[in-house]
Amino acid sequence: MGLGDQVYDTLSPELKESMTEYYYVNSLHNYEEVLRAVGYFTHKYGKIGRIESQNEFWLELDAALRKDFNVWGRKPEEMGLIKKKSEMKQRYMDLGLNVAKGRVVNSYAEAVAYIEEIGLPVCAKPDIGVGAVKTYKIQKIEDLQQVNFDFNYIIEEFISGHLISFDGFVDTDGQIVFYTVDDFSQPVLEVANHRAHIWYYSHREIPEEVREVGFKIVEGFNLRERFFHIEFFKCPDGKLVNLEINCRPPGGYTMDMFNYANNIDLYNYYAKVVCGKKPVLEYNRPYHALYVSRKAHYKYKYSHEEIVNKYVGNLMMHTALPLGLALLGEYCYIFRFKTMEEVKSAVATVWASPFDEQKVSAPLPLQTSEVVEKSQ
């Protein structure tokens, strides 16, 4: 069954065909309205087996409904550990893992006092937040004026390092049945601050230190029947610094990248697990999956058509991104390759600048008057 705040006629045909029934509410923020909807489903179909949004924003709503209808899964009292960055940090420290120094502050004065203690630059982020929303790099004290301290913020030392993630799925018994590691060209915060590009790819050979720490975190957070997205910085000295755990599928089209890289169908596998089955998932990482974005305020050496024609057989999908994902680029290409040489060559080709005959690793920014429409 589906429950949402979008009118039924606006839903895609594929979604409509996948549901027995859909219940429209005016607002998912109106708990009484949502409660009545789940009550209706319960009255008509019997006890609900699972309540899931697969979306970071609605995890607390999921938990509240599970408690009220006695549905399996995390309840509200368990949400702090997977929603609050401060509680995540404490659990990481309890597990003996590396974390950035940080403290929750409730006012401008508290923030200034803590910054004086640990020094600049720092990162200011909501204690409960999604992605890089309302997250700021503070390079001078005056930068704190953009932070709204009506909400709890956590101030952390700024870590210079390479962003990587440990992603996967844990079954109902708490066993990791799928995992992979993604490497990012730069953190999402930097992408947001500089309107920059991003590319990321999946490993074929999993770094042992990341696998070891990832397994330790999944066990330490007692995950059950969930996708997970765990972020780290790998520092120049090789040390892993743990950032945060997200108990939901990774964003954008990353789930599709998992499938393309491994010739599997994680959506189908998840559905079987939720239905109480214990299927075996076999995979051997035959490909690197690669995501490369393009942005409308850059010009490119190669047209969209040239990219599509050049990578026939390797280009798995390409699409304009919806507004909610525009931070990652207005348009994206997803490839799969067997070698890192092919991965790097594809990034250089997609991003190649028309102002240089040589392929480059990043495009040149345009003046405002030179903005061009993205290729469809």
# chains A, B, ... in the order shown; residues from 1 in each chain; ligands from 1

$ residues_around --residues "Val170 in chain A" --least-positions-apart "6" --cutoff "12 Å" --atoms "only C-alpha atoms" --output "ChimeraX atom specification"
/A:176-179,214-215,217-219,221-229,247-249,266,269-270,273-274,278,281

$ write_last_selection --atoms "C-alpha atoms" --output "short mmCIF file (atom, residue, chain, number, x, y, z; two decimals), in the first residue's frame"
data_model
loop_
_atom_site.label_atom_id
_atom_site.label_comp_id
_atom_site.auth_asym_id
_atom_site.auth_seq_id
_atom_site.Cartn_x
_atom_site.Cartn_y
_atom_site.Cartn_z
CA ILE A 176 25.47 -7.86 5.83
CA VAL A 177 24.45 -9.52 2.57
CA PHE A 178 25.65 -6.81 0.21
CA TYR A 179 28.32 -4.13 0.59
CA GLY A 214 32.15 -0.70 8.13
CA PHE A 215 31.26 -4.12 9.52
CA ILE A 217 29.75 0.08 12.67
CA VAL A 218 26.82 -1.92 11.27
CA GLU A 219 27.09 -4.33 14.20
CA PHE A 221 24.43 0.28 15.56
CA ASN A 222 22.40 -2.96 15.62
CA LEU A 223 21.03 -2.54 12.10
CA ARG A 224 18.32 -4.91 10.92
CA GLU A 225 16.69 -5.19 7.49
CA ARG A 226 18.04 -1.85 6.31
CA PHE A 227 20.11 -0.26 3.62
CA PHE A 228 22.97 1.82 5.00
CA HIS A 229 25.24 4.61 3.77
CA CYS A 247 20.16 4.17 7.77
CA ARG A 248 18.55 4.35 4.35
CA PRO A 249 19.57 3.79 0.73
CA LEU A 266 18.73 -5.17 -5.04
CA TYR A 269 16.18 -8.84 -3.25
CA TYR A 270 14.97 -6.35 -0.64
CA VAL A 273 13.69 -10.23 2.48
CA VAL A 274 10.81 -8.02 3.67
CA LYS A 278 16.19 -15.62 2.89
CA LEU A 281 22.65 -12.87 -3.21
#

$ residues_around --residues "range 165-167 of chain A" --least-positions-apart "5" --cutoff "12 Å" --atoms "only C-alpha atoms" --output "JSON, numbers by chain"
{"A": [176, 177, 178, 179, 180, 181, 182, 183, 184, 185, 186, 187, 200, 201, 202, 203, 206, 207, 208, 209, 210, 211, 212, 213, 214, 215, 216, 217, 218, 226, 227, 228, 229, 230, 231, 232, 233, 234, 240, 241, 242, 243, 244, 245, 246, 247, 248, 249, 250, 251, 254, 255, 257, 258]}

$ select_by_dssp --residues "range 238-305 of chain A" --states "alpha helix (DSSP H)" --output "PyMOL selection string"
chain A and resi 254-262+266-274+304-305

$ write_last_selection --atoms "C-alpha atoms" --output "PDB file, in the first residue's frame"
ATOM      1  CA  THR A 254      23.449   5.075  -6.423  1.00  0.00           C
ATOM      2  CA  MET A 255      21.206   2.039  -5.902  1.00  0.00           C
ATOM      3  CA  ASP A 256      21.051   1.592  -9.672  1.00  0.00           C
ATOM      4  CA  MET A 257      24.849   1.836  -9.763  1.00  0.00           C
ATOM      5  CA  PHE A 258      25.030  -1.086  -7.317  1.00  0.00           C
ATOM      6  CA  ASN A 259      22.904  -3.141  -9.687  1.00  0.00           C
ATOM      7  CA  TYR A 260      24.856  -2.157 -12.808  1.00  0.00           C
ATOM      8  CA  ALA A 261      28.233  -2.866 -11.179  1.00  0.00           C
ATOM      9  CA  ASN A 262      27.221  -6.320  -9.975  1.00  0.00           C
ATOM     10  CA  LEU A 266      18.733  -5.173  -5.041  1.00  0.00           C
ATOM     11  CA  TYR A 267      15.172  -3.868  -5.261  1.00  0.00           C
ATOM     12  CA  ASN A 268      13.877  -7.382  -5.905  1.00  0.00           C
ATOM     13  CA  TYR A 269      16.176  -8.841  -3.250  1.00  0.00           C
ATOM     14  CA  TYR A 270      14.966  -6.349  -0.639  1.00  0.00           C
ATOM     15  CA  ALA A 271      11.331  -7.164  -1.424  1.00  0.00           C
ATOM     16  CA  LYS A 272      11.970 -10.871  -0.847  1.00  0.00           C
ATOM     17  CA  VAL A 273      13.689 -10.226   2.482  1.00  0.00           C
ATOM     18  CA  VAL A 274      10.814  -8.023   3.667  1.00  0.00           C
ATOM     19  CA  HIS A 304      25.719  15.066 -25.209  1.00  0.00           C
ATOM     20  CA  GLU A 305      25.288  13.145 -28.467  1.00  0.00           C
TER      21      GLU A 305
END

$ select_by_dssp --residues "range 162-298 of chain A" --states "strand (DSSP E or B)" --output "JSON, numbers by chain"
{"A": [162, 163, 164, 165, 166, 167, 168, 169, 170, 176, 177, 178, 179, 180, 181, 182, 183, 184, 199, 200, 201, 202, 226, 227, 228, 229, 230, 231, 232, 233, 234, 240, 241, 242, 243, 244, 245, 246, 288, 289, 290, 291, 292, 293, 294, 298]}

$ closest_residue --among "A:His43, A:Arg336, A:Lys89, A:Arg294" --to "Val350 in chain A" --atoms "only C-alpha atoms"
A:Arg294

$ residues_around --residues "Ser303 in chain A" --least-positions-apart "2" --cutoff "12 Å" --atoms "only C-alpha atoms" --output "NGL selection string"
:A and (294 or 299-301 or 305-310 or 349-354 or 373-376)

$ write_last_selection --atoms "N, CA and C atoms" --output "short mmCIF file (atom, residue, chain, number, x, y, z; two decimals), in the first residue's frame"
data_model
loop_
_atom_site.label_atom_id
_atom_site.label_comp_id
_atom_site.auth_asym_id
_atom_site.auth_seq_id
_atom_site.Cartn_x
_atom_site.Cartn_y
_atom_site.Cartn_z
N ARG A 294 27.01 16.85 -15.05
CA ARG A 294 27.28 18.06 -15.81
C ARG A 294 26.39 19.17 -15.27
N LYS A 299 30.53 25.17 -20.07
CA LYS A 299 30.54 24.71 -21.45
C LYS A 299 31.42 23.47 -21.53
N TYR A 300 31.14 22.63 -22.53
CA TYR A 300 31.88 21.38 -22.64
C TYR A 300 32.38 21.18 -24.07
N LYS A 301 33.50 20.48 -24.17
CA LYS A 301 34.09 20.22 -25.48
C LYS A 301 33.23 19.25 -26.29
N GLU A 305 25.38 14.19 -27.45
CA GLU A 305 25.29 13.15 -28.47
C GLU A 305 26.64 12.46 -28.67
N GLU A 306 27.72 13.22 -28.62
CA GLU A 306 29.05 12.63 -28.77
C GLU A 306 29.38 11.69 -27.61
N ILE A 307 28.99 12.09 -26.40
CA ILE A 307 29.22 11.23 -25.23
C ILE A 307 28.45 9.93 -25.38
N VAL A 308 27.17 10.04 -25.73
CA VAL A 308 26.32 8.85 -25.87
C VAL A 308 26.88 7.91 -26.93
N ASN A 309 27.30 8.46 -28.07
CA ASN A 309 27.80 7.63 -29.16
C ASN A 309 29.15 7.00 -28.83
N LYS A 310 30.00 7.73 -28.10
CA LYS A 310 31.33 7.23 -27.77
C LYS A 310 31.28 6.05 -26.82
N THR A 349 36.71 12.96 -20.33
CA THR A 349 36.01 13.22 -21.58
C THR A 349 34.71 13.99 -21.34
N VAL A 350 33.92 13.55 -20.36
CA VAL A 350 32.64 14.22 -20.07
C VAL A 350 32.88 15.66 -19.64
N TRP A 351 33.95 15.90 -18.89
CA TRP A 351 34.21 17.24 -18.36
C TRP A 351 35.13 18.09 -19.24
N ALA A 352 35.61 17.56 -20.34
CA ALA A 352 36.60 18.27 -21.14
C ALA A 352 36.11 19.66 -21.52
N SER A 353 37.02 20.62 -21.44
CA SER A 353 36.69 22.02 -21.73
C SER A 353 36.89 22.35 -23.20
N PRO A 354 36.02 23.17 -23.77
CA PRO A 354 36.21 23.60 -25.17
C PRO A 354 37.35 24.59 -25.32
N GLU A 373 22.34 26.31 -22.20
CA GLU A 373 21.37 25.30 -21.81
C GLU A 373 22.04 23.94 -21.78
N LYS A 374 21.61 23.11 -20.81
CA LYS A 374 22.17 21.76 -20.74
C LYS A 374 21.61 20.95 -21.89
N SER A 375 22.41 20.01 -22.35
CA SER A 375 21.95 19.12 -23.41
C SER A 375 20.95 18.13 -22.84
N GLN A 376 19.89 17.87 -23.58
CA GLN A 376 18.90 16.88 -23.16
C GLN A 376 19.21 15.52 -23.81
#

$ residues_around --residues "range 58-63 of chain A" --least-positions-apart "2" --cutoff "8 Å" --atoms "only C-alpha atoms" --output "tab-separated table (two decimals) with C-alpha atoms, in the first residue's frame"
chain	number	residue	atom	x	y	z
A	51	ILE	CA	6.20	0.73	7.44
A	52	GLU	CA	9.08	2.26	5.46
A	53	SER	CA	9.79	5.50	3.62
A	54	GLN	CA	13.42	4.70	2.67
A	55	ASN	CA	13.94	8.45	3.13
A	56	GLU	CA	16.07	10.14	5.81
A	65	LEU	CA	3.67	4.83	13.13
A	66	ARG	CA	5.42	1.55	13.92
A	67	LYS	CA	4.97	2.20	17.62
A	73	GLY	CA	11.30	-2.12	13.24
A	74	ARG	CA	12.90	0.81	15.05
A	75	LYS	CA	10.66	2.81	17.37
A	76	PRO	CA	10.92	6.53	18.35
A	79	MET	CA	15.84	7.21	16.62

$ residues_around --residues "Val34 in chain A" --least-positions-apart "5" --cutoff "9 Å" --atoms "only C-alpha atoms" --output "list in words"
Leu3, Gly4, Val25, Ser27, Leu28, His29, Gly39 and Leu65 of chain A

$ write_last_selection --atoms "N, CA and C atoms" --output "mmCIF file, in the first residue's frame"
data_model
loop_
_atom_site.group_PDB
_atom_site.id
_atom_site.type_symbol
_atom_site.label_atom_id
_atom_site.label_comp_id
_atom_site.auth_asym_id
_atom_site.auth_seq_id
_atom_site.Cartn_x
_atom_site.Cartn_y
_atom_site.Cartn_z
ATOM 1 N N LEU A 3 1.150 5.511 0.753
ATOM 2 C CA LEU A 3 0.612 6.635 1.520
ATOM 3 C C LEU A 3 1.461 7.852 1.188
ATOM 4 N N GLY A 4 0.823 8.926 0.685
ATOM 5 C CA GLY A 4 1.618 10.079 0.293
ATOM 6 C C GLY A 4 0.818 11.350 0.175
ATOM 7 N N VAL A 25 -2.958 12.010 1.524
ATOM 8 C CA VAL A 25 -3.132 12.914 2.656
ATOM 9 C C VAL A 25 -2.692 14.309 2.225
ATOM 10 N N SER A 27 -1.028 16.432 4.026
ATOM 11 C CA SER A 27 0.323 16.708 4.508
ATOM 12 C C SER A 27 0.828 15.532 5.334
ATOM 13 N N LEU A 28 2.023 15.071 5.015
ATOM 14 C CA LEU A 28 2.653 14.022 5.819
ATOM 15 C C LEU A 28 3.130 14.564 7.167
ATOM 16 N N HIS A 29 3.101 15.894 7.326
ATOM 17 C CA HIS A 29 3.447 16.494 8.616
ATOM 18 C C HIS A 29 2.267 16.469 9.585
ATOM 19 N N GLY A 39 -4.620 3.511 9.850
ATOM 20 C CA GLY A 39 -5.756 2.838 10.481
ATOM 21 C C GLY A 39 -6.723 2.278 9.449
ATOM 22 N N LEU A 65 4.751 5.694 13.622
ATOM 23 C CA LEU A 65 3.669 4.833 13.130
ATOM 24 C C LEU A 65 3.892 3.378 13.537
#

$ closest_residue --among "A:Ile115, A:Thr20, A:Phe355, A:Ser345" --to "Tyr45 in chain A" --atoms "only C-alpha atoms"
A:Thr20

$ closest_residue --among "A:Lys137, A:Glu17, A:Ala346, A:Asp173" --to "Ile159 in chain A" --atoms "only C-alpha atoms"
A:Lys137

$ closest_atom_pairs --of "range 83-111 of chain A" --to "range 117-125 of chain A" --cutoff "12 Å" --atoms "only C-alpha atoms" --output "Markdown table"
| residue | atom | partner | partner_atom | distance |
| --- | --- | --- | --- | --- |
| A:Lys84 | CA | A:Lys125 | CA | 10.9 |
| A:Lys85 | CA | A:Lys125 | CA | 9.0 |
| A:Ser86 | CA | A:Lys125 | CA | 10.7 |
| A:Ala100 | CA | A:Cys123 | CA | 10.1 |
| A:Lys101 | CA | A:Ile118 | CA | 8.0 |
| A:Gly102 | CA | A:Ile118 | CA | 9.0 |
| A:Arg103 | CA | A:Ala124 | CA | 10.0 |
| A:Val104 | CA | A:Lys125 | CA | 9.5 |
| A:Val105 | CA | A:Ala124 | CA | 9.7 |
| A:Asn106 | CA | A:Ala124 | CA | 11.8 |
| A:Tyr108 | CA | A:Ala124 | CA | 11.4 |
| A:Glu110 | CA | A:Glu117 | CA | 10.8 |
| A:Ala111 | CA | A:Ala124 | CA | 9.0 |

$ atom_distance --atom1 "CA of Thr10 in chain A" --atom2 "CA of Leu323 in chain A"
16.6 Å

$ residues_around --residues "Phe337 in chain A" --least-positions-apart "2" --cutoff "9 Å" --atoms "only C-alpha atoms" --output "number ranges by chain"
A: 261, 286-290, 314, 335, 339-343

$ write_last_selection --atoms "C-alpha atoms" --output "mmCIF file, in the first residue's frame"
data_model
loop_
_atom_site.group_PDB
_atom_site.id
_atom_site.type_symbol
_atom_site.label_atom_id
_atom_site.label_comp_id
_atom_site.auth_asym_id
_atom_site.auth_seq_id
_atom_site.Cartn_x
_atom_site.Cartn_y
_atom_site.Cartn_z
ATOM 1 C CA ALA A 261 28.233 -2.866 -11.179
ATOM 2 C CA PRO A 286 32.727 -7.365 -12.329
ATOM 3 C CA TYR A 287 32.567 -3.593 -12.954
ATOM 4 C CA HIS A 288 33.279 -0.176 -11.521
ATOM 5 C CA ALA A 289 30.063 1.872 -11.677
ATOM 6 C CA LEU A 290 30.719 5.562 -12.389
ATOM 7 C CA ASN A 314 29.364 1.321 -21.229
ATOM 8 C CA PHE A 335 28.730 4.150 -16.807
ATOM 9 C CA THR A 339 39.358 -0.733 -15.246
ATOM 10 C CA MET A 340 40.191 2.490 -13.420
ATOM 11 C CA GLU A 341 41.947 3.761 -16.535
ATOM 12 C CA GLU A 342 38.585 3.670 -18.336
ATOM 13 C CA VAL A 343 36.875 5.372 -15.383
#

$ atom_distance --atom1 "CA of Ile198 in chain A" --atom2 "CA of Gly168 in chain A"
21.3 Å
